[in-house]
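Q: Data file upload21.txt (compact mmCIF, C-alpha atoms) is appended below.
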```
# COMPACT_ATOMS: atom_id res chain seq x y z
CA MET U 1 97.87 31.32 27.95
CA THR U 2 95.59 31.77 24.97
CA ASP U 3 91.86 31.17 25.04
CA THR U 4 92.42 27.96 23.07
CA LEU U 5 94.10 25.03 24.76
CA LYS U 6 96.41 22.77 22.77
CA VAL U 7 96.22 19.15 23.89
CA LEU U 8 98.69 16.54 22.66
CA ALA U 9 97.13 13.09 22.21
CA ILE U 10 99.55 10.20 22.78
CA SER U 11 98.50 6.67 21.89
CA GLY U 12 100.41 3.75 23.34
CA SER U 13 99.51 1.56 20.38
CA LEU U 14 101.12 1.47 16.94
CA ARG U 15 98.45 -0.78 15.46
CA LYS U 16 96.72 0.73 12.42
CA ASP U 17 93.27 -0.20 13.76
CA SER U 18 94.11 0.58 17.39
CA TYR U 19 91.12 1.08 19.67
CA ASN U 20 93.19 3.49 21.77
CA THR U 21 94.02 5.67 18.80
CA ALA U 22 90.35 5.50 17.80
CA ALA U 23 89.41 6.63 21.30
CA LEU U 24 91.73 9.64 20.91
CA ARG U 25 90.05 10.48 17.60
CA ALA U 26 86.70 10.31 19.40
CA ALA U 27 88.12 12.69 22.03
CA ARG U 28 89.19 15.11 19.28
CA ASP U 29 85.71 14.96 17.78
CA ALA U 30 84.04 15.48 21.17
CA ALA U 31 86.31 18.32 22.30
CA PRO U 32 84.74 21.74 22.84
CA ALA U 33 85.68 24.47 20.38
CA ASP U 34 88.31 25.95 22.72
CA ILE U 35 90.34 22.72 22.87
CA ILE U 36 92.48 21.65 19.90
CA ILE U 37 93.76 18.06 19.98
CA GLU U 38 96.86 17.18 17.97
CA PHE U 39 98.44 13.73 17.69
CA ALA U 40 101.92 12.48 18.54
CA ASP U 41 103.61 9.76 16.48
CA LEU U 42 105.59 7.18 18.45
CA SER U 43 106.20 4.85 15.51
CA ARG U 44 109.75 6.05 14.74
CA ILE U 45 111.07 6.16 18.29
CA PRO U 46 113.79 3.51 18.77
CA LEU U 47 114.27 1.45 21.91
CA TYR U 48 115.85 3.56 24.62
CA ASP U 49 119.64 3.38 24.55
CA GLN U 50 121.73 5.70 26.70
CA ASP U 51 124.73 5.28 24.39
CA GLN U 52 122.62 6.43 21.46
CA ARG U 53 121.29 9.36 23.47
CA ASP U 54 124.84 10.36 24.41
CA ARG U 55 125.70 10.47 20.70
CA GLU U 56 122.53 12.16 19.44
CA VAL U 57 118.88 12.34 20.42
CA PRO U 58 116.82 10.73 17.62
CA ALA U 59 114.76 13.19 15.57
CA ALA U 60 111.49 11.44 16.50
CA VAL U 61 112.29 11.84 20.20
CA ALA U 62 113.25 15.50 19.78
CA ARG U 63 109.99 16.09 17.89
CA LEU U 64 107.89 14.44 20.62
CA ALA U 65 109.69 16.39 23.36
CA GLU U 66 109.01 19.63 21.48
CA GLN U 67 105.32 18.74 21.03
CA ILE U 68 105.04 18.06 24.76
CA LYS U 69 106.70 21.37 25.62
CA GLU U 70 104.36 23.26 23.30
CA ALA U 71 101.19 21.53 24.53
CA ASP U 72 99.04 22.97 27.30
CA ALA U 73 98.02 19.45 28.34
CA LEU U 74 98.48 15.78 27.45
CA LEU U 75 95.89 13.10 26.76
CA PHE U 76 97.15 9.52 26.90
CA ALA U 77 95.41 6.38 25.67
CA THR U 78 97.07 3.05 26.30
CA PRO U 79 96.28 -0.60 25.80
CA GLU U 80 97.03 -3.01 28.63
CA TYR U 81 99.82 -5.49 28.00
CA ASN U 82 100.54 -8.06 30.72
CA TYR U 83 98.84 -5.97 33.44
CA SER U 84 100.72 -2.79 32.52
CA MET U 85 100.99 -0.01 29.94
CA SER U 86 102.39 -0.77 26.53
CA GLY U 87 106.14 -0.96 25.99
CA VAL U 88 105.76 1.54 23.15
CA LEU U 89 104.39 4.17 25.53
CA LYS U 90 106.82 3.45 28.35
CA ASN U 91 109.74 3.60 25.93
CA ALA U 92 108.64 6.99 24.57
CA ILE U 93 108.19 8.34 28.08
CA ASP U 94 111.64 7.08 29.10
CA TRP U 95 113.26 8.84 26.13
CA VAL U 96 111.51 12.17 26.66
CA SER U 97 112.00 12.14 30.43
CA ARG U 98 115.78 12.42 29.90
CA GLU U 99 115.45 15.83 28.25
CA ARG U 100 116.41 18.91 30.26
CA PRO U 101 114.37 20.69 31.34
CA GLN U 102 112.16 17.64 31.77
CA PRO U 103 109.13 18.42 29.55
CA PHE U 104 106.51 16.40 31.45
CA ALA U 105 107.01 18.34 34.70
CA GLY U 106 103.97 20.39 35.64
CA LYS U 107 101.89 19.26 32.65
CA PRO U 108 98.18 18.65 33.16
CA ALA U 109 97.32 15.20 31.81
CA ALA U 110 94.51 12.71 31.49
CA ILE U 111 94.35 9.00 30.73
CA MET U 112 92.05 6.75 28.76
CA SER U 113 92.45 3.07 27.99
CA ALA U 114 90.68 0.69 25.66
CA SER U 115 90.87 -3.07 25.84
CA MET U 116 88.96 -6.09 24.61
CA SER U 117 88.92 -7.28 28.23
CA LEU U 118 86.15 -6.60 30.73
CA LEU U 119 88.44 -4.37 32.84
CA GLY U 120 89.17 -1.92 30.04
CA GLY U 121 92.85 -1.42 30.82
CA VAL U 122 92.53 -0.39 34.46
CA ARG U 123 95.89 -1.92 35.44
CA ALA U 124 97.67 -0.12 32.61
CA GLN U 125 96.20 3.14 33.87
CA TYR U 126 97.43 2.42 37.38
CA ASP U 127 101.01 1.97 36.17
CA LEU U 128 100.83 5.03 33.93
CA ARG U 129 99.59 7.12 36.85
CA ARG U 130 102.57 6.00 38.95
CA THR U 131 104.90 7.07 36.16
CA MET U 132 103.12 10.41 35.97
CA VAL U 133 103.76 10.97 39.66
CA ALA U 134 107.46 10.26 39.16
CA LEU U 135 107.57 12.83 36.33
CA ASP U 136 105.55 15.48 38.19
CA MET U 137 102.58 15.50 35.81
CA HIS U 138 99.24 16.62 37.21
CA CYS U 139 96.69 13.98 36.27
CA VAL U 140 92.94 14.47 36.13
CA ASN U 141 91.45 12.09 38.68
CA LYS U 142 87.91 11.81 37.34
CA PRO U 143 86.10 10.87 35.26
CA GLU U 144 87.97 7.64 34.65
CA VAL U 145 87.59 6.30 31.12
CA MET U 146 88.29 2.59 30.77
CA ILE U 147 86.73 1.27 27.59
CA SER U 148 86.01 -2.41 28.14
CA SER U 149 85.01 -4.82 25.35
CA ALA U 150 86.42 -2.23 22.95
CA HIS U 151 85.85 -4.49 19.94
CA GLN U 152 82.12 -4.06 20.54
CA ARG U 153 82.22 -0.27 20.98
CA PHE U 154 83.92 0.74 17.72
CA ASP U 155 82.64 0.02 14.22
CA ALA U 156 84.62 -1.55 11.36
CA GLU U 157 85.95 1.88 10.33
CA GLY U 158 87.23 2.61 13.84
CA ARG U 159 84.52 5.08 14.76
CA LEU U 160 83.16 5.04 18.28
CA ALA U 161 79.65 3.59 18.09
CA ASP U 162 78.78 3.62 21.80
CA GLU U 163 77.07 6.81 22.99
CA THR U 164 77.73 6.26 26.70
CA THR U 165 81.46 5.89 26.03
CA ARG U 166 81.37 9.03 23.88
CA GLU U 167 79.81 10.96 26.77
CA PHE U 168 82.50 9.78 29.20
CA ILE U 169 85.25 10.76 26.77
CA ALA U 170 83.68 14.20 26.27
CA LYS U 171 83.52 14.69 30.04
CA LEU U 172 87.17 13.70 30.40
CA VAL U 173 88.29 16.16 27.71
CA THR U 174 86.25 18.93 29.35
CA ALA U 175 87.70 18.05 32.77
CA LEU U 176 91.22 18.16 31.31
CA GLY U 177 90.53 21.60 29.86
CA ASP U 178 89.12 22.89 33.15
CA TRP U 179 92.04 21.41 35.12
CA SER U 180 94.57 22.93 32.72
CA ARG U 181 93.04 26.39 33.04
CA GLN U 182 92.90 26.05 36.83
CA LEU U 183 96.59 25.15 37.02
CA GLN U 184 97.57 27.93 34.63
CA ALA U 185 95.57 30.46 36.63
CA GLY U 186 97.41 29.32 39.77
CA GLU U 187 100.78 29.71 38.05
CA LYS U 188 99.86 33.24 36.97
CA ALA U 189 98.82 34.16 40.50
CA LEU U 190 102.18 32.94 41.84
CA SER U 191 104.35 34.59 39.17
CA PRO U 192 106.42 37.64 40.22
CA GLN U 193 104.77 39.71 37.48
CA ALA U 194 101.35 39.16 39.08
CA ARG U 195 102.47 40.50 42.45
```
I'd like the structure from this file rewritten - as structure tokens, please.
A:
Amino acid sequence: MTDTLKVLAISGSLRKDSYNTAALRAARDAAPADIIIEFADLSRIPLYDQDQRDREVPAAVARLAEQIKEADALLFATPEYNYSMSGVLKNAIDWVSRERPQPFAGKPAAIMSASMSLLGGVRAQYDLRRTMVALDMHCVNKPEVMISSAHQRFDAEGRLADETTREFIAKLVTALGDWSRQLQAGEKALSPQAR
């Protein structure tokens, strides 16, 4: 592990003016100097098709899987569609989860959600957390960041305009960094080389 942590930001929205992508940009801006946040692109990932996978893994899927392998941690932001995470995000997860070795396993991760509703995407987070358990990711429990009434918290240029929300996002990024280092320290302690 280097002193700098590489975090991969994954937005479950393809919309150009997505509040979730804007929240990830706010996380990048609020991150401490020892955390670098890079962005994944889900826009070119096709609908999951086992026949297609048997023929050839699409380049966009292979790229995302490689980004996940290289990242020290993952930061998800998802809108809530029909009481669940977005199909875009679930589809990308389904593709990558078929890779061997499975790249999500053991990854520290955190979740944010932004929604125009008053609940801020809480049900989408619940479903994403269940999927994380199935894939053996290690999710930060708190702070929870659910950005309600998102249309009132970002300005016309997509910049976060709400200071309280900015503070919560900064705390989540810091918690993800601390959690990642804690898990990596535990892995080092258990490795045969450390004995």
Q: Just how far from CA of Asp127 in chain U is CA of Ser84 in chain U, in Å to one decimal?
A: 6.0 Å
Q: Compile a residue-level contact table for range 38-104 of chain U against range 180-186 of chain U at a cut-off of 10 Å, reporting for every qualifying residue the shortest atom pair and its distance in Å to one decimal, with all atoms listed in the file counted, rows ordered by chain and ascending number, as a tab-separated table.
A:
```
residue	atom	partner	partner_atom	distance
U:Asp72	CA	U:Ser180	CA	7.0
U:Ala73	CA	U:Ser180	CA	6.6
U:Leu74	CA	U:Ser180	CA	9.7
```
Q: Neighbours of range 139-152 of chain U within 9 Å (only C-alpha atoms; same-chain residues fewer than 6 positions away dropped), as JSON, numbers by chain?
A: {"U": [19, 20, 23, 107, 108, 109, 110, 111, 112, 113, 114, 115, 116, 117, 118, 119, 120, 121, 122, 125, 129, 132, 133, 161, 162, 165, 168, 169, 171, 172, 175, 176, 179]}
Q: CA of Arg15 in chain U and CA of Gly177 in chain U are how many Å apart?
A: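 So the answer is 27.8 Å.
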Q: When distances are computed from all atoms listed in the file, which of U:Ala124, U:Leu42, U:Ala156, U:Ala59 shows the smallest separation from Val88 in chain U?
A: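 The answer is U:Leu42, which sits nearest to Val88 in chain U.
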Q: In Å, rounded to a single decimal, give me how far CA of Leu135 in chain U is from CA of Arg53 in chain U.
A: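 Between CA of Arg53 in chain U and CA of Leu135 in chain U the gap is 19.1 Å.
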Q: List every protein, DNA or RNA residue that has at least one atom no more than 12 Å from (86.0, 12.9, 19.1) in the file's coordinates, counting all atoms listed in the file, and write the result as a PyMOL selection string.
A: chain U and resi 9+21-33+35-38+158-161+163+165-174
Q: Using only C-alpha atoms, can you tell me which of U:Thr4, U:Ser97, U:Ser11, U:Ser86 comes closest to Ala71 in chain U?
A: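 Between U:Thr4, U:Ser97, U:Ser11, U:Ser86, the residue approaching Ala71 in chain U most closely is U:Thr4.
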Q: Taking into account all atoms listed in the file, which residue in the set U:Phe104, U:Trp95, U:Tyr126, U:Tyr83 is nearest to Leu8 in chain U?
A: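 Among U:Phe104, U:Trp95, U:Tyr126, U:Tyr83, it is U:Phe104 that comes nearest to Leu8 in chain U.
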Q: Which is closest to Pro103 in chain U among U:Val57, U:Ala65, U:Ala134, U:Leu75, if we use all atoms listed in the file?
A: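 For Pro103 in chain U, the nearest of the candidates is U:Ala65.
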Q: Using the structure just given, write a file holding N, CA, C and O atoms for range 127-148 of chain U, as a compact mmCIF listing (two decimals), in the first residue's frame.
A:
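Listed below is the output, part21.txt:
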```
# COMPACT_ATOMS: atom_id res chain seq x y z
N ASP U 127 -30.65 -1.69 -1.05
CA ASP U 127 -30.45 -2.76 -2.04
C ASP U 127 -28.99 -2.87 -2.47
O ASP U 127 -28.46 -3.97 -2.66
N LEU U 128 -28.31 -1.74 -2.62
CA LEU U 128 -26.90 -1.78 -2.98
C LEU U 128 -26.08 -2.45 -1.87
O LEU U 128 -25.17 -3.25 -2.15
N ARG U 129 -26.41 -2.17 -0.64
CA ARG U 129 -25.69 -2.81 0.47
C ARG U 129 -25.88 -4.32 0.45
O ARG U 129 -24.95 -5.08 0.73
N ARG U 130 -27.07 -4.78 0.13
CA ARG U 130 -27.30 -6.24 0.05
C ARG U 130 -26.45 -6.85 -1.04
O ARG U 130 -25.88 -7.94 -0.88
N THR U 131 -26.34 -6.17 -2.17
CA THR U 131 -25.50 -6.65 -3.26
C THR U 131 -24.03 -6.67 -2.84
O THR U 131 -23.28 -7.59 -3.18
N MET U 132 -23.62 -5.65 -2.10
CA MET U 132 -22.24 -5.62 -1.60
C MET U 132 -21.94 -6.82 -0.71
O MET U 132 -20.85 -7.39 -0.78
N VAL U 133 -22.89 -7.20 0.12
CA VAL U 133 -22.69 -8.37 0.98
C VAL U 133 -22.50 -9.61 0.12
O VAL U 133 -21.59 -10.42 0.36
N ALA U 134 -23.32 -9.75 -0.92
CA ALA U 134 -23.21 -10.93 -1.79
C ALA U 134 -21.85 -10.99 -2.47
O ALA U 134 -21.33 -12.08 -2.73
N LEU U 135 -21.24 -9.82 -2.73
CA LEU U 135 -19.97 -9.77 -3.46
C LEU U 135 -18.78 -9.59 -2.53
O LEU U 135 -17.66 -9.38 -2.99
N ASP U 136 -19.01 -9.67 -1.23
CA ASP U 136 -17.94 -9.64 -0.23
C ASP U 136 -17.19 -8.31 -0.20
O ASP U 136 -16.00 -8.25 0.07
N MET U 137 -17.90 -7.21 -0.50
CA MET U 137 -17.31 -5.89 -0.27
C MET U 137 -17.46 -5.54 1.19
O MET U 137 -18.34 -6.05 1.90
N HIS U 138 -16.62 -4.64 1.66
CA HIS U 138 -16.64 -4.21 3.06
C HIS U 138 -17.07 -2.74 3.10
O HIS U 138 -16.28 -1.84 2.89
N CYS U 139 -18.36 -2.54 3.37
CA CYS U 139 -18.96 -1.21 3.28
C CYS U 139 -18.80 -0.41 4.57
O CYS U 139 -18.98 -0.95 5.67
N VAL U 140 -18.46 0.86 4.41
CA VAL U 140 -18.48 1.80 5.53
C VAL U 140 -19.92 1.91 6.02
O VAL U 140 -20.84 2.10 5.22
N ASN U 141 -20.11 1.79 7.32
CA ASN U 141 -21.47 1.88 7.86
C ASN U 141 -21.92 3.32 8.07
O ASN U 141 -23.07 3.66 7.79
N LYS U 142 -21.03 4.15 8.58
CA LYS U 142 -21.41 5.53 8.88
C LYS U 142 -20.23 6.45 8.61
O LYS U 142 -19.09 6.01 8.75
N PRO U 143 -20.46 7.68 8.25
CA PRO U 143 -21.77 8.33 8.17
C PRO U 143 -22.54 7.89 6.93
O PRO U 143 -21.94 7.45 5.95
N GLU U 144 -23.84 7.96 7.01
CA GLU U 144 -24.70 7.68 5.86
C GLU U 144 -24.97 9.01 5.16
O GLU U 144 -25.29 10.00 5.81
N VAL U 145 -24.82 9.01 3.85
CA VAL U 145 -25.05 10.24 3.08
C VAL U 145 -26.18 9.99 2.10
O VAL U 145 -26.01 9.30 1.10
N MET U 146 -27.35 10.52 2.43
CA MET U 146 -28.52 10.46 1.58
C MET U 146 -28.95 11.90 1.31
O MET U 146 -29.44 12.58 2.20
N ILE U 147 -28.72 12.35 0.10
CA ILE U 147 -28.95 13.75 -0.22
C ILE U 147 -30.39 13.91 -0.71
O ILE U 147 -30.71 13.59 -1.85
N SER U 148 -31.24 14.38 0.16
CA SER U 148 -32.65 14.58 -0.19
C SER U 148 -32.82 15.94 -0.85
O SER U 148 -31.96 16.82 -0.74
```
